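Below: run_11.txt (compact mmCIF, C-alpha atoms)
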```txt
# COMPACT_ATOMS: atom_id res chain seq x y z
CA MET A 538 118.08 -2.84 216.86
CA SER A 539 120.28 -5.93 216.65
CA MET A 540 123.96 -5.15 217.09
CA TYR A 541 124.70 -7.52 214.21
CA GLN A 542 122.47 -5.81 211.68
CA PRO A 543 124.59 -2.67 211.17
CA ILE A 544 127.77 -4.76 210.80
CA ARG A 545 126.09 -7.00 208.29
CA ALA A 546 124.72 -3.95 206.49
CA ARG A 547 128.17 -2.36 206.20
CA TYR A 548 129.72 -5.41 204.57
CA GLU A 549 126.73 -6.30 202.42
CA LEU A 550 126.32 -2.78 201.07
CA ALA A 551 130.02 -2.23 200.42
CA ILE A 552 130.52 -5.50 198.58
CA ARG A 553 127.19 -5.25 196.77
CA ASP A 554 128.22 -1.86 195.39
CA ALA A 555 131.72 -3.05 194.48
CA LEU A 556 130.32 -5.95 192.46
CA ALA A 557 127.43 -3.94 191.03
CA ASP A 558 130.00 -1.71 189.31
CA LEU A 559 131.08 -4.83 187.41
CA GLY A 560 127.52 -5.95 186.67
CA VAL A 561 127.43 -8.84 189.15
CA ILE A 562 124.60 -9.54 191.59
CA LEU A 563 125.39 -10.34 195.23
CA HIS A 564 123.19 -12.85 197.06
CA TYR A 565 123.04 -12.43 200.84
CA ASP A 566 122.53 -14.94 203.66
CA ASN A 567 118.99 -16.26 203.81
CA VAL A 568 118.07 -14.47 200.58
CA GLN A 569 117.99 -16.43 197.32
CA GLU A 570 120.24 -19.11 198.76
CA GLU A 571 119.99 -21.28 195.67
CA PRO A 572 120.36 -18.93 192.73
CA ILE A 573 121.36 -21.75 190.39
CA PRO A 574 118.45 -23.21 188.39
CA GLU A 575 118.17 -26.99 188.01
CA ASN A 576 119.66 -27.04 184.54
CA GLY A 577 122.63 -25.00 185.71
CA ALA A 578 123.05 -21.32 185.00
CA VAL A 579 126.16 -19.78 183.59
CA ASP A 580 125.48 -16.33 184.94
CA GLU A 581 127.97 -14.50 187.06
CA TYR A 582 126.95 -14.04 190.67
CA ALA A 583 128.38 -13.94 194.17
CA ILE A 584 127.17 -15.39 197.46
CA MET A 585 128.12 -13.70 200.70
CA THR A 586 128.11 -15.31 204.14
CA ILE A 587 128.74 -13.48 207.41
CA SER A 588 129.05 -15.24 210.74
CA PHE A 589 129.83 -14.17 214.26
CA PRO A 590 131.73 -17.03 215.86
CA SER A 591 132.63 -15.08 219.00
CA SER A 592 129.81 -13.04 220.49
CA PHE A 593 130.86 -12.97 224.12
CA GLU A 594 132.80 -9.75 223.91
CA PRO A 595 132.52 -7.30 226.78
CA ASP A 596 131.09 -3.84 226.27
CA LEU A 597 133.88 -1.34 225.75
CA CYS A 598 131.65 1.16 227.49
CA ASN A 599 127.95 1.87 227.63
CA GLY A 600 126.41 1.42 224.21
CA LEU A 601 129.65 0.48 222.44
CA ARG A 602 130.09 -3.17 221.51
CA ARG A 603 133.08 -4.96 220.04
CA ILE A 604 132.20 -7.89 217.85
CA GLN A 605 134.38 -10.34 215.93
CA GLY A 606 133.20 -12.10 212.83
CA ASN A 607 134.01 -13.71 209.54
CA VAL A 608 132.97 -12.79 206.03
CA GLN A 609 133.18 -15.11 203.03
CA VAL A 610 132.32 -14.26 199.44
CA ASN A 611 131.97 -17.05 196.89
CA ILE A 612 132.26 -15.62 193.38
CA CYS A 613 130.88 -17.70 190.50
CA ALA A 614 131.57 -17.16 186.81
CA PRO A 615 131.30 -19.32 183.68
CA ARG A 616 133.77 -22.18 183.43
CA MET A 617 136.20 -22.59 180.55
CA THR A 618 136.71 -18.86 180.17
CA GLY A 619 139.91 -18.50 182.15
CA MET A 620 140.52 -16.98 185.54
CA ARG A 621 140.65 -13.33 184.51
CA ARG A 622 137.01 -12.52 185.23
CA LEU A 623 136.96 -14.43 188.53
CA GLU A 624 140.08 -12.66 189.71
CA GLU A 625 138.81 -9.28 188.52
CA LEU A 626 135.69 -9.79 190.64
CA ALA A 627 137.77 -11.09 193.56
CA ASP A 628 139.94 -7.99 193.31
CA ALA A 629 136.86 -5.78 193.60
CA VAL A 630 135.76 -7.68 196.71
CA ILE A 631 139.23 -7.49 198.27
CA CYS A 632 139.44 -3.74 197.60
CA ALA A 633 136.02 -3.29 199.23
CA LEU A 634 137.16 -5.28 202.25
CA MET A 635 140.44 -3.39 202.55
CA ASN A 636 138.62 -0.06 202.42
CA ILE A 637 135.57 -1.14 204.39
CA ASN A 638 135.85 1.78 206.76
CA ASP A 639 135.62 4.26 203.92
CA TYR A 640 132.12 3.04 203.19
CA PRO A 641 129.76 5.51 204.83
CA LEU A 642 126.75 3.33 205.66
CA PRO A 643 125.60 2.65 208.28
CA ASP A 644 127.40 5.32 210.26
CA ASN A 645 127.34 3.69 213.71
CA VAL A 646 129.91 1.02 212.77
CA ARG A 647 133.70 1.07 212.75
CA THR A 648 135.16 -2.11 211.37
CA LYS A 649 138.30 -3.55 209.86
CA VAL A 650 139.31 -6.88 208.42
CA THR A 651 142.30 -8.42 210.17
CA GLY A 652 143.52 -10.46 207.22
CA ILE A 653 142.23 -11.53 203.82
CA GLN A 654 142.48 -15.10 202.52
CA GLY A 655 142.09 -15.83 198.85
CA PRO A 656 141.10 -15.66 196.12
CA THR A 657 141.05 -19.47 196.39
CA PRO A 658 139.72 -21.17 193.24
CA VAL A 659 137.42 -24.20 193.55
CA LEU A 660 137.45 -25.87 190.16
CA GLY A 661 136.54 -29.51 190.88
CA GLY A 662 133.65 -31.12 189.03
CA GLN A 663 132.05 -30.23 185.72
CA ASP A 664 129.54 -27.62 186.82
CA PRO A 665 128.97 -24.69 184.49
CA GLN A 666 130.32 -22.31 187.12
CA ALA A 667 133.83 -21.96 188.38
CA VAL A 668 134.13 -20.54 191.87
CA THR A 669 136.70 -18.49 193.69
CA VAL A 670 136.50 -17.73 197.40
CA VAL A 671 137.61 -14.68 199.36
CA SER A 672 137.31 -14.69 203.14
CA ALA A 673 138.36 -12.46 205.99
CA PRO A 674 138.02 -12.27 209.75
CA PHE A 675 136.91 -8.86 210.98
CA GLU A 676 136.46 -6.80 214.10
CA ALA A 677 133.72 -4.23 214.49
CA ARG A 678 132.70 -1.62 217.02
CA VAL A 679 129.04 -0.78 217.01
CA GLU A 680 127.49 2.21 218.75
CA LEU A 681 124.06 1.17 219.93
CA PRO A 682 121.43 3.89 220.10
CA MET B 661 152.53 6.00 247.98
CA THR B 662 154.69 3.34 246.43
CA VAL B 663 154.69 1.73 243.05
CA LYS B 664 156.38 -1.65 243.13
CA VAL B 665 157.79 -3.24 240.00
CA THR B 666 159.32 -6.71 240.14
CA GLY B 667 161.37 -8.41 237.48
CA THR B 668 162.36 -11.93 236.55
CA SER B 669 165.77 -12.92 235.31
CA PHE B 670 166.13 -13.74 231.61
CA ASP B 671 167.30 -17.27 232.36
CA ASP B 672 164.23 -17.84 234.49
CA ILE B 673 161.64 -16.40 232.11
CA VAL B 674 162.77 -18.06 228.87
CA PRO B 675 161.93 -21.67 229.85
CA LYS B 676 158.56 -20.53 231.18
CA LEU B 677 157.82 -18.66 227.97
CA GLN B 678 158.90 -21.66 225.90
CA LYS B 679 156.60 -23.90 227.91
CA ALA B 680 153.70 -21.46 227.52
CA LEU B 681 154.27 -21.21 223.75
CA ASP B 682 154.40 -25.01 223.42
CA GLY B 683 151.22 -25.38 225.43
CA ALA B 684 149.40 -22.61 223.57
CA LEU B 685 150.27 -24.11 220.20
CA ALA B 686 149.26 -27.61 221.29
CA ASN B 687 145.94 -26.31 222.66
CA THR B 688 145.33 -24.25 219.52
CA LEU B 689 145.97 -27.16 217.15
CA ASN B 690 143.81 -29.51 219.20
CA LEU B 691 140.98 -27.00 219.57
CA GLN B 692 141.00 -26.10 215.87
CA GLN B 693 141.18 -29.74 214.81
CA GLY B 694 138.21 -30.51 217.05
CA ALA B 695 136.24 -27.50 215.84
CA LEU B 696 136.80 -28.44 212.19
CA GLY B 697 135.74 -32.04 212.82
CA LYS B 698 132.62 -31.04 214.73
CA SER B 699 131.54 -28.34 212.27
CA ASN B 700 132.31 -30.40 209.17
CA PRO B 701 129.06 -31.47 207.47
CA LYS B 702 128.67 -35.22 207.90
CA ASP B 703 127.25 -38.10 205.94
CA SER B 704 129.44 -41.11 206.72
CA GLY B 705 131.78 -38.84 208.69
CA ARG B 706 134.81 -39.71 206.56
CA MET B 707 135.79 -36.13 205.85
CA ALA B 708 134.98 -34.89 209.38
CA SER B 709 137.27 -37.60 210.78
CA SER B 710 140.05 -36.87 208.28
CA TRP B 711 141.29 -33.59 209.77
CA PHE B 712 144.83 -34.47 210.81
CA ILE B 713 147.64 -32.49 212.42
CA GLY B 714 150.93 -32.60 210.53
CA GLN B 715 154.39 -31.44 211.53
CA ASN B 716 156.41 -29.53 208.91
CA GLN B 717 154.19 -30.91 206.13
CA PRO B 718 150.48 -31.52 205.71
CA ARG B 719 149.38 -35.13 206.11
CA ARG B 720 148.23 -36.63 202.83
CA ASP B 721 146.41 -39.67 204.16
CA THR B 722 142.67 -39.91 204.79
CA ARG B 723 140.21 -42.26 206.42
CA PRO B 724 139.38 -45.19 204.11
CA GLU B 725 136.51 -44.90 201.63
CA ASP B 726 134.43 -47.40 203.62
CA PHE B 727 134.77 -45.35 206.82
CA GLY B 728 131.38 -45.03 208.56
CA THR B 729 128.13 -45.75 206.76
CA LYS B 730 126.89 -43.58 203.93
CA ALA B 731 123.28 -42.44 203.82
CA GLU B 732 120.89 -44.54 201.73
CA ARG B 733 119.08 -42.55 199.08
CA LYS B 734 116.45 -43.02 196.43
CA VAL B 735 115.41 -40.77 193.59
CA VAL B 736 111.97 -39.20 193.95
CA ASP B 737 110.73 -36.84 191.24
CA GLY B 738 114.25 -36.55 189.92
CA LYS B 739 115.68 -35.56 193.30
CA SER B 740 117.84 -37.64 195.59
CA VAL B 741 116.04 -38.24 198.90
CA ILE B 742 117.67 -39.77 202.00
CA THR B 743 115.82 -42.87 203.21
CA LYS B 744 118.32 -43.74 205.95
CA PRO B 745 120.79 -41.19 207.34
CA GLY B 746 124.50 -41.88 207.32
CA SER B 747 126.39 -42.82 210.48
CA ARG B 748 127.93 -39.32 210.80
CA THR B 749 130.85 -40.89 212.60
CA LEU B 750 133.37 -38.50 214.15
CA VAL B 751 136.71 -39.82 215.31
CA ILE B 752 139.32 -37.16 216.04
CA GLU B 753 142.86 -38.49 215.80
CA LYS B 754 145.17 -36.71 218.21
CA PHE B 755 148.70 -35.88 217.09
CA ASN B 756 150.99 -38.73 218.04
CA GLY B 757 153.90 -36.90 219.60
CA LYS B 758 154.81 -33.72 221.41
CA ILE B 759 153.73 -30.42 219.90
CA THR B 760 156.37 -27.75 220.31
CA PHE B 761 156.55 -24.15 219.15
CA GLU B 762 159.02 -24.91 216.42
CA GLY B 763 158.75 -25.41 212.65
CA ALA B 764 155.49 -25.40 210.70
CA TRP B 765 152.31 -27.15 211.76
CA TYR B 766 149.33 -27.99 209.59
CA ILE B 767 145.76 -29.13 210.07
CA SER B 768 144.82 -30.66 206.75
CA ASN B 769 142.17 -32.76 205.07
CA ASN B 770 142.96 -34.64 201.90
CA VAL B 771 139.69 -36.32 200.94
CA PRO B 772 139.10 -35.57 197.24
CA TYR B 773 135.95 -33.53 197.90
CA ALA B 774 137.39 -31.49 200.81
CA GLN B 775 137.66 -28.21 198.95
CA PRO B 776 134.04 -27.80 197.77
CA ILE B 777 132.67 -29.02 201.11
CA ALA B 778 134.93 -26.62 203.01
CA LEU B 779 134.47 -23.58 200.79
CA GLN B 780 131.05 -24.06 199.22
CA GLY B 781 129.22 -26.12 201.83
CA GLY B 782 128.49 -29.06 199.55
CA TYR B 783 129.39 -31.18 196.56
CA PRO B 784 129.43 -29.59 193.13
CA ARG B 785 126.25 -30.71 191.36
CA SER B 786 128.25 -32.60 188.78
CA TRP B 787 129.65 -34.82 191.56
CA GLY B 788 126.41 -36.60 192.32
CA GLY B 789 123.28 -34.59 191.80
CA GLU B 790 121.63 -32.81 194.67
CA PRO B 791 123.71 -32.26 197.77
CA VAL B 792 122.43 -34.20 200.78
CA PRO B 793 120.54 -32.03 203.29
CA SER B 794 123.28 -32.30 205.90
CA LEU B 795 125.58 -30.54 203.49
CA LEU B 796 123.29 -27.53 203.16
CA VAL B 797 125.15 -25.67 205.84
CA GLN B 798 126.65 -22.28 206.46
CA LYS B 799 129.09 -21.84 203.62
CA ASP B 800 131.75 -20.27 205.82
CA TRP B 801 132.02 -22.98 208.49
CA TYR B 802 135.59 -23.71 207.43
CA THR B 803 136.86 -20.15 206.93
CA SER B 804 135.24 -18.89 210.14
CA ILE B 805 137.27 -21.51 212.06
CA ALA B 806 140.48 -21.27 210.04
CA ASN B 807 140.53 -17.46 210.10
CA ARG B 808 140.30 -17.44 213.90
CA THR B 809 143.41 -19.57 214.43
CA GLY B 810 145.56 -16.57 215.39
CA GLN B 811 142.98 -15.34 217.89
CA VAL B 812 142.68 -18.79 219.44
CA PHE B 813 146.46 -18.96 219.84
CA VAL B 814 146.61 -15.54 221.54
CA LYS B 815 143.79 -16.54 223.88
CA GLU B 816 145.50 -19.82 224.78
CA PHE B 817 148.86 -18.11 225.26
CA ASN B 818 147.31 -15.52 227.56
CA LYS B 819 146.01 -18.36 229.71
CA LEU B 820 149.45 -19.96 230.02
CA LYS B 821 151.92 -17.08 229.89
CA PRO B 822 154.10 -16.61 232.98
```
Representation of the structure as structure tokens:
Amino acid sequence: MSMYQPIRARYELAIRDALADLGVILHYDNVQEEPIPENGAVDEYAIMTISFPSSFEPDLCNGLRRIQGNVQVNICAPRMTGMRRLEELADAVICALMNINDYPLPDNVRTKVTGIQGPTPVLGGQDPQAVTVVSAPFEARVELP
Amino acid sequence: MTVKVTGTSFDDIVPKLQKALDGALANTLNLQQGALGKSNPKDSGRMASSWFIGQNQPRRDTRPEDFGTKAERKVVDGKSVITKPGSRTLVIEKFNGKITFEGAWYISNNVPYAQPIALQGGYPRSWGGEPVPSLLVQKDWYTSIANRTGQVFVKEFNKLKP
């Protein structure tokens, strides 16, 4: 199994569940990358991106890997409705990130974010969606089978 | 068996530490500026070449609007298609002066479209139709670099520390 997959799964599942409680769909990397139809949707949704900019980390011991990465969640909601909804959704994402180790799945990962940036609003243009961005670097320890 | 511990006088270690901190900060700013420029999606290269280092305040200037050559496009079936790619020019301007571990330092980009390119990976649709293919990039290219700044500094300091 890829050592990245369980890390990705932990973050994707935790944030998916946090946003699902508020009725918002999370789109993952390489899955439904362009959820906005041509005529411009006004639905609420979030797009999550995870990257691993530093993969050359030594094994802590046999079968235990330490990986550093970055997670970014772009949250989209209808424009001209104020910031309350965007910030409510951002708050759910931030809470999920802060408590990422409480999430039980998958169980071979220990991870923590080492800082959270945002929510940063991106309001330029006249698109039907307003966007706010939450990002965080993280460290993870994965037990390989 | 003997365990040997050696010390260095305070007066001797402080200048060395100061030098290491200065060097680590200079290396970090230069590395991060370079990484942002290289990872920045490029058409003419104006934004990628507009990451500047500022001391105590972010720099507000940018490369001129006619910097590089923009891609030529035509509309096919209602979609903008590139017929000739842009120049994708990348010129990294080094900080003109000595970088010391004192005060606040910024790496900033003040082109008007910097925020959506950095945080969303492309132009908002209302800013010119379909984003050009070179802008369809990993959405977190900016945050993955910016969020690692502390780690880069620690790594550089560990290389230089006395």
### Message
Residues of chain A within 7 Å of chain B, counting only C-alpha atoms - could you list those as a PyMOL selection string?
### Response
chain A and resi 586+590+607+609+659+662-664+672-674
### Message
From the options B:Gly763, B:Gly757, B:Gly705, B:Gly714, which residue's atoms come nearest to Gln693 of chain B, counting all atoms listed in the file?
### Response
B:Gly714
### Query
Could you list as a ChimeraX atom specification every residue that has an atom within 6 Å of (127.3, -15.9, 186.7), using the file's coordinates and counting only C-alpha atoms?
/A:579-582,613-614
Create the file for the chosen residues now, containing C-alpha atoms and written as a compact mmCIF listing (two decimals), in the coordinates of the input.
```txt
# COMPACT_ATOMS: atom_id res chain seq x y z
CA VAL A 579 126.16 -19.78 183.59
CA ASP A 580 125.48 -16.33 184.94
CA GLU A 581 127.97 -14.50 187.06
CA TYR A 582 126.95 -14.04 190.67
CA CYS A 613 130.88 -17.70 190.50
CA ALA A 614 131.57 -17.16 186.81
```
### Query
Phe817 of chain B: which residues within 9 Å, counting all atoms listed in the file, same-chain residues fewer than 3 positions away excluded, as a VMD selection string?
chain B and resid 680 to 681 683 to 685 812 to 814 820 to 821
#### Entry: Selection: 6 Å around Glu732 of chain B, only C-alpha atoms, excl. self and same-chain fewer than 5 positions, as a ChimeraX atom specification
/B:742-744
### Between atom CA of Val668 of chain A and atom CA of Ala557 of chain A - distance in Å to one decimal
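Taking atom CA of Ala557 of chain A as the start and atom CA of Val668 of chain A as the end point, the length is 17.9 Å.
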### Task
Counting all atoms listed in the file, note down every residue that has an atom within 12 Å of the point (154.8, -35.9, 220.1) (file coordinates), as a PyMOL selection string.
chain B and resi 682+686+713-715+754-761
